[in-house]
file protein.pdb (PDB, C-alpha atoms and all ligand atoms)
ATOM      1  CA  MET A   1      10.063   7.812 -31.995  1.00  0.00           C
ATOM      2  CA  THR A   2      12.319   9.842 -29.694  1.00  0.00           C
ATOM      3  CA  ALA A   3       9.294  11.327 -27.886  1.00  0.00           C
ATOM      4  CA  ILE A   4       7.939   7.847 -27.239  1.00  0.00           C
ATOM      5  CA  GLN A   5      11.269   6.749 -25.810  1.00  0.00           C
ATOM      6  CA  ILE A   6      11.503   9.785 -23.519  1.00  0.00           C
ATOM      7  CA  SER A   7       7.976   9.377 -22.152  1.00  0.00           C
ATOM      8  CA  ALA A   8       8.587   5.683 -21.572  1.00  0.00           C
ATOM      9  CA  THR A   9      11.681   6.545 -19.523  1.00  0.00           C
ATOM     10  CA  ILE A  10       9.809   9.145 -17.478  1.00  0.00           C
ATOM     11  CA  ALA A  11       6.832   6.845 -16.912  1.00  0.00           C
ATOM     12  CA  SER A  12       9.087   4.139 -15.558  1.00  0.00           C
ATOM     13  CA  ARG A  13      10.303   6.340 -12.708  1.00  0.00           C
ATOM     14  CA  ARG A  14       7.815   4.822 -10.292  1.00  0.00           C
ATOM     15  CA  ASP A  15       8.363   1.744  -8.219  1.00  0.00           C
ATOM     16  CA  SER A  16       6.973   0.258  -5.037  1.00  0.00           C
ATOM     17  CA  LEU A  17       7.850  -2.283  -2.414  1.00  0.00           C
ATOM     18  CA  THR A  18       5.535  -3.984   0.062  1.00  0.00           C
ATOM     19  CA  LEU A  19       7.162  -4.770   3.397  1.00  0.00           C
ATOM     20  CA  VAL A  20       6.179  -6.500   6.610  1.00  0.00           C
ATOM     21  CA  ALA A  21       6.508  -4.413   9.760  1.00  0.00           C
ATOM     22  CA  LEU A  22       9.743  -5.899  11.090  1.00  0.00           C
ATOM     23  CA  PRO A  23      12.917  -3.955  11.990  1.00  0.00           C
ATOM     24  CA  ASN A  24      14.849  -5.567   9.113  1.00  0.00           C
ATOM     25  CA  SER A  25      12.375  -4.042   6.701  1.00  0.00           C
ATOM     26  CA  ALA A  26      13.825  -0.589   7.388  1.00  0.00           C
ATOM     27  CA  TYR A  27      17.188  -1.877   6.189  1.00  0.00           C
ATOM     28  CA  LEU A  28      15.554  -3.387   3.109  1.00  0.00           C
ATOM     29  CA  ALA A  29      13.724  -0.141   2.402  1.00  0.00           C
ATOM     30  CA  ARG A  30      16.971   1.847   2.607  1.00  0.00           C
ATOM     31  CA  ALA A  31      18.837  -0.509   0.279  1.00  0.00           C
ATOM     32  CA  TYR A  32      15.921  -0.724  -2.168  1.00  0.00           C
ATOM     33  CA  SER A  33      15.521   3.075  -2.260  1.00  0.00           C
ATOM     34  CA  ALA A  34      19.181   3.781  -2.907  1.00  0.00           C
ATOM     35  CA  ALA A  35      19.341   1.149  -5.659  1.00  0.00           C
ATOM     36  CA  THR A  36      16.101   2.326  -7.285  1.00  0.00           C
ATOM     37  CA  ILE A  37      16.994   6.009  -7.245  1.00  0.00           C
ATOM     38  CA  ARG A  38      20.464   5.333  -8.638  1.00  0.00           C
ATOM     39  CA  GLY A  39      18.901   3.088 -11.270  1.00  0.00           C
ATOM     40  CA  TRP A  40      16.909   6.086 -12.471  1.00  0.00           C
ATOM     41  CA  GLY A  41      20.159   7.926 -13.092  1.00  0.00           C
ATOM     42  CA  LEU A  42      19.917  10.050  -9.931  1.00  0.00           C
ATOM     43  CA  VAL A  43      23.431   9.383  -8.734  1.00  0.00           C
ATOM     44  CA  ASP A  44      24.197  12.529  -6.708  1.00  0.00           C
ATOM     45  CA  GLU A  45      25.437  10.961  -3.457  1.00  0.00           C
ATOM     46  CA  GLU A  46      24.034  13.666  -1.173  1.00  0.00           C
ATOM     47  CA  PHE A  47      20.620  13.338  -2.799  1.00  0.00           C
ATOM     48  CA  VAL A  48      20.657   9.545  -2.525  1.00  0.00           C
ATOM     49  CA  ASP A  49      21.769   9.746   1.146  1.00  0.00           C
ATOM     50  CA  ASN A  50      19.078  12.278   2.032  1.00  0.00           C
ATOM     51  CA  ALA A  51      16.325  10.357   0.233  1.00  0.00           C
ATOM     52  CA  ARG A  52      17.446   7.163   1.946  1.00  0.00           C
ATOM     53  CA  SER A  53      17.333   8.902   5.346  1.00  0.00           C
ATOM     54  CA  VAL A  54      13.801  10.177   4.737  1.00  0.00           C
ATOM     55  CA  VAL A  55      12.684   6.699   3.622  1.00  0.00           C
ATOM     56  CA  SER A  56      14.317   5.261   6.721  1.00  0.00           C
ATOM     57  CA  GLU A  57      12.494   7.581   9.136  1.00  0.00           C
ATOM     58  CA  LEU A  58       9.083   7.186   7.484  1.00  0.00           C
ATOM     59  CA  VAL A  59       9.329   3.401   7.164  1.00  0.00           C
ATOM     60  CA  THR A  60      10.612   3.062  10.739  1.00  0.00           C
ATOM     61  CA  ASN A  61       7.648   5.089  11.983  1.00  0.00           C
ATOM     62  CA  ALA A  62       5.254   2.839  10.058  1.00  0.00           C
ATOM     63  CA  ILE A  63       6.976  -0.258  11.472  1.00  0.00           C
ATOM     64  CA  GLU A  64       6.663   1.122  15.000  1.00  0.00           C
ATOM     65  CA  ALA A  65       3.017   2.083  14.442  1.00  0.00           C
ATOM     66  CA  ALA A  66       2.223  -1.498  13.380  1.00  0.00           C
ATOM     67  CA  GLY A  67       3.526  -2.551  16.797  1.00  0.00           C
ATOM     68  CA  LEU A  68       4.695  -6.102  16.152  1.00  0.00           C
ATOM     69  CA  SER A  69       6.603  -6.463  19.394  1.00  0.00           C
ATOM     70  CA  GLU A  70       7.436 -10.182  19.351  1.00  0.00           C
ATOM     71  CA  LYS A  71      10.843 -11.090  17.974  1.00  0.00           C
ATOM     72  CA  GLN A  72       9.391 -13.849  15.828  1.00  0.00           C
ATOM     73  CA  PRO A  73       5.749 -13.012  15.182  1.00  0.00           C
ATOM     74  CA  LYS A  74       3.518 -15.695  13.693  1.00  0.00           C
ATOM     75  CA  LEU A  75       3.301 -15.669   9.890  1.00  0.00           C
ATOM     76  CA  SER A  76      -0.406 -14.867  10.101  1.00  0.00           C
ATOM     77  CA  ALA A  77       0.405 -11.719  12.128  1.00  0.00           C
ATOM     78  CA  LEU A  78       3.058 -10.712   9.618  1.00  0.00           C
ATOM     79  CA  LEU A  79       0.740 -11.032   6.665  1.00  0.00           C
ATOM     80  CA  ALA A  80      -2.233  -9.354   8.339  1.00  0.00           C
ATOM     81  CA  GLY A  81      -3.192  -6.114   6.650  1.00  0.00           C
ATOM     82  CA  GLU A  82      -2.226  -3.909   9.569  1.00  0.00           C
ATOM     83  CA  SER A  83       1.330  -5.298   9.474  1.00  0.00           C
ATOM     84  CA  LEU A  84       1.962  -4.456   5.838  1.00  0.00           C
ATOM     85  CA  ILE A  85       3.673  -1.285   4.684  1.00  0.00           C
ATOM     86  CA  ARG A  86       3.943  -0.036   1.147  1.00  0.00           C
ATOM     87  CA  LEU A  87       6.780   2.184   0.040  1.00  0.00           C
ATOM     88  CA  VAL A  88       6.279   4.042  -3.239  1.00  0.00           C
ATOM     89  CA  LEU A  89       9.003   6.037  -4.990  1.00  0.00           C
ATOM     90  CA  GLU A  90       8.149   8.245  -7.920  1.00  0.00           C
ATOM     91  CA  VAL A  91       9.558  11.054 -10.012  1.00  0.00           C
ATOM     92  CA  PRO A  92       6.331  12.329 -11.624  1.00  0.00           C
ATOM     93  CA  ALA A  93       6.676  13.614 -15.176  1.00  0.00           C
ATOM     94  CA  ASP A  94       5.459  17.106 -14.186  1.00  0.00           C
ATOM     95  CA  ILE A  95       7.451  17.658 -10.966  1.00  0.00           C
ATOM     96  CA  ASP A  96      11.212  18.054 -10.538  1.00  0.00           C
ATOM     97  CA  ALA A  97      11.161  16.068  -7.333  1.00  0.00           C
ATOM     98  CA  LEU A  98      11.266  12.576  -5.929  1.00  0.00           C
ATOM     99  CA  VAL A  99       8.017  11.750  -4.146  1.00  0.00           C
ATOM    100  CA  ILE A 100       8.367   9.261  -1.313  1.00  0.00           C
ATOM    101  CA  GLU A 101       5.158   7.677  -0.018  1.00  0.00           C
ATOM    102  CA  VAL A 102       4.825   5.281   2.888  1.00  0.00           C
ATOM    103  CA  TRP A 103       1.422   3.671   3.293  1.00  0.00           C
ATOM    104  CA  ASP A 104       0.276   2.035   6.507  1.00  0.00           C
ATOM    105  CA  ALA A 105      -2.915   0.893   8.215  1.00  0.00           C
ATOM    106  CA  HIS A 106      -2.499   2.691  11.549  1.00  0.00           C
ATOM    107  CA  PRO A 107      -5.439   4.984  12.374  1.00  0.00           C
ATOM    108  CA  HIS A 108      -3.451   7.819  13.986  1.00  0.00           C
ATOM    109  CA  ALA A 109      -1.646  10.662  12.266  1.00  0.00           C
ATOM    110  CA  PRO A 110       2.078  11.348  12.683  1.00  0.00           C
ATOM    111  CA  GLU A 111       2.680  13.829  15.494  1.00  0.00           C
ATOM    112  CA  PRO A 112       5.921  15.806  15.214  1.00  0.00           C
ATOM    113  CA  ARG A 113       7.290  16.192  18.731  1.00  0.00           C
ATOM    114  CA  GLY A 114       8.585  19.745  18.370  1.00  0.00           C
ATOM    115  CA  GLU A 115      11.316  20.534  20.892  1.00  0.00           C
ATOM    116  CA  VAL A 116      12.521  17.322  22.516  1.00  0.00           C
ATOM    117  CA  ALA A 117      14.554  17.129  25.720  1.00  0.00           C
ATOM    118  CA  PHE A 118      18.298  17.065  25.030  1.00  0.00           C
ATOM    119  CA  ASP A 119      18.589  13.615  26.614  1.00  0.00           C
ATOM    120  CA  SER A 120      15.583  12.095  24.835  1.00  0.00           C
ATOM    121  CA  LEU A 121      16.455   9.041  22.751  1.00  0.00           C
ATOM    122  CA  SER A 122      13.565   9.544  20.347  1.00  0.00           C
ATOM    123  CA  GLY A 123      11.234  12.110  18.855  1.00  0.00           C
ATOM    124  CA  ARG A 124      13.525  13.524  16.158  1.00  0.00           C
ATOM    125  CA  GLY A 125      12.541  11.471  13.104  1.00  0.00           C
ATOM    126  CA  LEU A 126       9.957  13.815  11.630  1.00  0.00           C
ATOM    127  CA  ALA A 127      12.169  16.822  12.404  1.00  0.00           C
ATOM    128  CA  LEU A 128      14.852  15.170  10.274  1.00  0.00           C
ATOM    129  CA  VAL A 129      12.315  14.563   7.489  1.00  0.00           C
ATOM    130  CA  ASP A 130      11.247  18.203   7.751  1.00  0.00           C
ATOM    131  CA  ALA A 131      14.858  19.352   7.453  1.00  0.00           C
ATOM    132  CA  LEU A 132      15.734  17.141   4.474  1.00  0.00           C
ATOM    133  CA  ALA A 133      12.522  17.297   2.419  1.00  0.00           C
ATOM    134  CA  ALA A 134      11.076  20.354   0.679  1.00  0.00           C
ATOM    135  CA  SER A 135       7.729  19.375   2.174  1.00  0.00           C
ATOM    136  CA  TRP A 136       6.044  16.433   3.830  1.00  0.00           C
ATOM    137  CA  GLY A 137       2.593  15.541   5.101  1.00  0.00           C
ATOM    138  CA  TYR A 138       0.002  12.832   5.406  1.00  0.00           C
ATOM    139  CA  ARG A 139      -3.463  11.971   4.103  1.00  0.00           C
ATOM    140  CA  PHE A 140      -6.154   9.419   4.839  1.00  0.00           C
ATOM    141  CA  PRO A 141      -7.463   9.023   1.262  1.00  0.00           C
ATOM    142  CA  LYS A 142     -11.031   7.712   0.914  1.00  0.00           C
ATOM    143  CA  ASP A 143      -9.878   5.539  -1.988  1.00  0.00           C
ATOM    144  CA  ALA A 144      -6.742   4.199  -0.274  1.00  0.00           C
ATOM    145  CA  PRO A 145      -5.780   0.781  -1.643  1.00  0.00           C
ATOM    146  CA  PRO A 146      -6.643  -1.881   0.996  1.00  0.00           C
ATOM    147  CA  PRO A 147      -5.274  -2.747   3.508  1.00  0.00           C
ATOM    148  CA  TRP A 148      -3.731   0.713   3.755  1.00  0.00           C
ATOM    149  CA  THR A 149      -5.575   3.732   5.119  1.00  0.00           C
ATOM    150  CA  LYS A 150      -2.935   6.404   5.466  1.00  0.00           C
ATOM    151  CA  VAL A 151      -0.044   7.729   3.427  1.00  0.00           C
ATOM    152  CA  VAL A 152       2.823   9.789   4.796  1.00  0.00           C
ATOM    153  CA  TYR A 153       4.720  11.496   1.994  1.00  0.00           C
ATOM    154  CA  ALA A 154       7.762  13.673   1.406  1.00  0.00           C
ATOM    155  CA  LEU A 155       8.991  15.636  -1.609  1.00  0.00           C
ATOM    156  CA  MET A 156      12.718  15.777  -2.314  1.00  0.00           C
ATOM    157  CA  PRO A 157      13.705  18.277  -5.048  1.00  0.00           C
ATOM    158  CA  LEU A 158      15.972  16.696  -7.665  1.00  0.00           C
ATOM    159  CA  PRO A 159      19.603  17.884  -7.595  1.00  0.00           C
TER
HETATM  160  N1  LIG B   1       3.031   6.344  10.401  1.00  0.00           N
HETATM  161  C1  LIG B   1       2.663   6.725  11.641  1.00  0.00           C
HETATM  162  N2  LIG B   1       1.504   6.279  12.182  1.00  0.00           N
HETATM  163  C2  LIG B   1       1.118   6.651  13.414  1.00  0.00           C
HETATM  164  N3  LIG B   1       1.820   7.478  14.209  1.00  0.00           N
HETATM  165  C3  LIG B   1       2.970   7.969  13.724  1.00  0.00           C
HETATM  166  C4  LIG B   1       3.457   7.620  12.423  1.00  0.00           C
HETATM  167  N4  LIG B   1       4.632   8.280  12.232  1.00  0.00           N
HETATM  168  C5  LIG B   1       4.871   8.967  13.346  1.00  0.00           C
HETATM  169  N5  LIG B   1       3.892   8.790  14.241  1.00  0.00           N
HETATM  170  C6  LIG B   1       3.795   9.422  15.595  1.00  0.00           C
HETATM  171  O1  LIG B   1       4.542  10.603  15.552  1.00  0.00           O
HETATM  172  C7  LIG B   1       5.509  10.591  16.599  1.00  0.00           C
HETATM  173  C8  LIG B   1       6.739  11.376  16.218  1.00  0.00           C
HETATM  174  O2  LIG B   1       7.474  10.672  15.216  1.00  0.00           O
HETATM  175  P1  LIG B   1       9.054  10.907  15.098  1.00  0.00           P
HETATM  176  O3  LIG B   1       9.542  10.039  13.993  1.00  0.00           O
HETATM  177  O4  LIG B   1       9.321  12.373  15.009  1.00  0.00           O
HETATM  178  O5  LIG B   1       9.629  10.436  16.494  1.00  0.00           O
HETATM  179  P2  LIG B   1       9.789   8.961  17.059  1.00  0.00           P
HETATM  180  O6  LIG B   1       9.484   7.967  16.004  1.00  0.00           O
HETATM  181  O7  LIG B   1       8.960   8.893  18.311  1.00  0.00           O
HETATM  182  O8  LIG B   1      11.325   8.896  17.455  1.00  0.00           O
HETATM  183  P3  LIG B   1      12.613   8.741  16.490  1.00  0.00           P
HETATM  184  O9  LIG B   1      12.130   8.846  15.076  1.00  0.00           O
HETATM  185  O10 LIG B   1      13.545   9.877  16.854  1.00  0.00           O
HETATM  186  O11 LIG B   1      13.164   7.399  16.810  1.00  0.00           O
HETATM  187  C9  LIG B   1       5.757   9.121  16.881  1.00  0.00           C
HETATM  188  O12 LIG B   1       6.224   8.920  18.209  1.00  0.00           O
HETATM  189  C10 LIG B   1       4.369   8.531  16.674  1.00  0.00           C
HETATM  190  O13 LIG B   1       3.566   8.705  17.839  1.00  0.00           O
HETATM  191 MG    MG B   2      10.440   8.069  14.148  1.00  0.00          MG
END

call {"tool": "encode", "arguments": {"input": "protein.pdb", "output": "structure tokens", "more": "lines below"}}
Ligand SMILES: Nc1ncnc2c1ncn2[C@@H]1O[C@H](COP(=O)(O)OP(=O)(O)OP(=O)(O)O)[C@@H](O)[C@H]1O
Ligand SMILES: [Mg+2]
result
Amino acid sequence: MTAIQISATIASRRDSLTLVALPNSAYLARAYSAATIRGWGLVDEEFVDNARSVVSELVTNAIEAAGLSEKQPKLSALLAGESLIRLVLEVPADIDALVIEVWDAHPHAPEPRGEVAFDSLSGRGLALVDALAASWGYRFPKDAPPPWTKVVYALMPLP
């Protein structure tokens, strides 16, 4: 009975949120991630802050890649496949880490900028992810769930 309860708890440490590619969605993703992670009993504030920052950078990149530039895009544009982003959070049963996945439909891979000019306003997001996560990367899985084609992921060791 106890074993069943434990495995049920572990199995439930996976959740996902589908977002439209609007700037407000980054805020939603941050709030959702912090609440979800805390809800799983992972209440170390530094861990929650770092995970939320990684989510923020990856979701913001996906929002920018979708390129909805109008302030009030038409509903049809918002719901089109290429404008949808899926955030998945998971603590797999066999890994002592939080896995953050951000799925999008943009055909290009993330390109870390390396050294950026001291006065550049951008180009540091993936460097921040690299500093906070144990590892990160991307894949274009053949069996990606439509409309998504690419997943950018990061692993955050549990405290
Ligand atoms: N999901 C993505 N799809 C396509 N291209 C991406 C994606 N994520 C990142 N990139 C590319 O990688 C580049 C580097 O991303 P990074 O987050 O390091 O910097 P930035 O987004 O340009 O600036 P900052 O994050 O500092 O505001 C981006 O400019 C973009 O060209
Ligand atoms: Mg960025």

call {"tool": "resolve_selection", "arguments": {"input": "protein.pdb", "expression": "the PyMOL selection byres (((chain A and resi 122-139) around 6) and not hetatm)", "output": "ChimeraX atom specification"}}
result
/A:54,57,112-113,120-121,140-141,150-156

call {"tool": "write_last_selection", "arguments": {"input": "protein.pdb", "atoms": "C-alpha atoms", "output": "short mmCIF file (atom, residue, chain, number, x, y, z; two decimals), keeping the file's coordinate frame"}}
result
data_model
loop_
_atom_site.label_atom_id
_atom_site.label_comp_id
_atom_site.auth_asym_id
_atom_site.auth_seq_id
_atom_site.Cartn_x
_atom_site.Cartn_y
_atom_site.Cartn_z
CA VAL A 54 13.80 10.18 4.74
CA GLU A 57 12.49 7.58 9.14
CA PRO A 112 5.92 15.81 15.21
CA ARG A 113 7.29 16.19 18.73
CA SER A 120 15.58 12.10 24.84
CA LEU A 121 16.45 9.04 22.75
CA PHE A 140 -6.15 9.42 4.84
CA PRO A 141 -7.46 9.02 1.26
CA LYS A 150 -2.94 6.40 5.47
CA VAL A 151 -0.04 7.73 3.43
CA VAL A 152 2.82 9.79 4.80
CA TYR A 153 4.72 11.50 1.99
CA ALA A 154 7.76 13.67 1.41
CA LEU A 155 8.99 15.64 -1.61
CA MET A 156 12.72 15.78 -2.31
#

call {"tool": "closest_residue", "arguments": {"input": "protein.pdb", "among": "A:Ala144, A:Ile63, A:Leu98, A:Leu158", "to": "ligand LIG 1 (chain B)", "atoms": "only C-alpha atoms and all ligand atoms"}}
result
A:Ile63

call {"tool": "resolve_selection", "arguments": {"input": "protein.pdb", "expression": "the PyMOL selection byres (((chain A and resi 91-93) around 12) and not hetatm)", "output": "ChimeraX atom specification"}}
result
/A:6-15,36-37,40-42,88-90,94-101,154-158

call {"tool": "atom_distance", "arguments": {"input": "protein.pdb", "atom1": "atom CA of Ala26 of chain A", "atom2": "atom CA of Phe118 of chain A"}}
result
25.4 Å

call {"tool": "atom_distance", "arguments": {"input": "protein.pdb", "atom1": "atom N4 of ligand LIG 1 (chain B)", "atom2": "atom CA of Ala66 of chain A"}}
result
10.1 Å

call {"tool": "closest_residue", "arguments": {"input": "protein.pdb", "among": "A:Glu64, A:Glu46, A:Asp104, A:Glu70", "to": "Thr18 of chain A", "atoms": "only C-alpha atoms"}}
result
A:Asp104

call {"tool": "axis_aligned_box", "arguments": {"input": "protein.pdb", "around": "segment 98-105 of chain A", "padding_each_side": "4 Å", "output": "AutoDock Vina command-line options"}}
result
--center_x 4.2 --center_y 6.7 --center_z 1.1 --size_x 22.2 --size_y 19.7 --size_z 22.1

call {"tool": "closest_residue", "arguments": {"input": "protein.pdb", "among": "A:Tyr32, A:Tyr27, A:Trp103, A:Phe47", "to": "ligand LIG 1 (chain B)", "atoms": "only C-alpha atoms and all ligand atoms"}}
result
A:Trp103

call {"tool": "closest_residue", "arguments": {"input": "protein.pdb", "among": "A:Lys74, A:Val55, A:Leu19, A:Pro146", "to": "Ala34 of chain A", "atoms": "only C-alpha atoms"}}
result
A:Val55

call {"tool": "atom_distance", "arguments": {"input": "protein.pdb", "atom1": "atom O13 of ligand LIG 1 (chain B)", "atom2": "atom CA of Pro110 of chain A"}}
result
6.0 Å

call {"tool": "closest_residue", "arguments": {"input": "protein.pdb", "among": "A:Leu78, A:Pro73, A:Val116, A:Ala65", "to": "ligand LIG 1 (chain B)", "atoms": "all atoms listed in the file"}}
result
A:Ala65

call {"tool": "closest_residue", "arguments": {"input": "protein.pdb", "among": "A:Ala21, A:Asp143, A:Trp148, A:Leu28", "to": "Leu79 of chain A", "atoms": "only C-alpha atoms"}}
result
A:Ala21
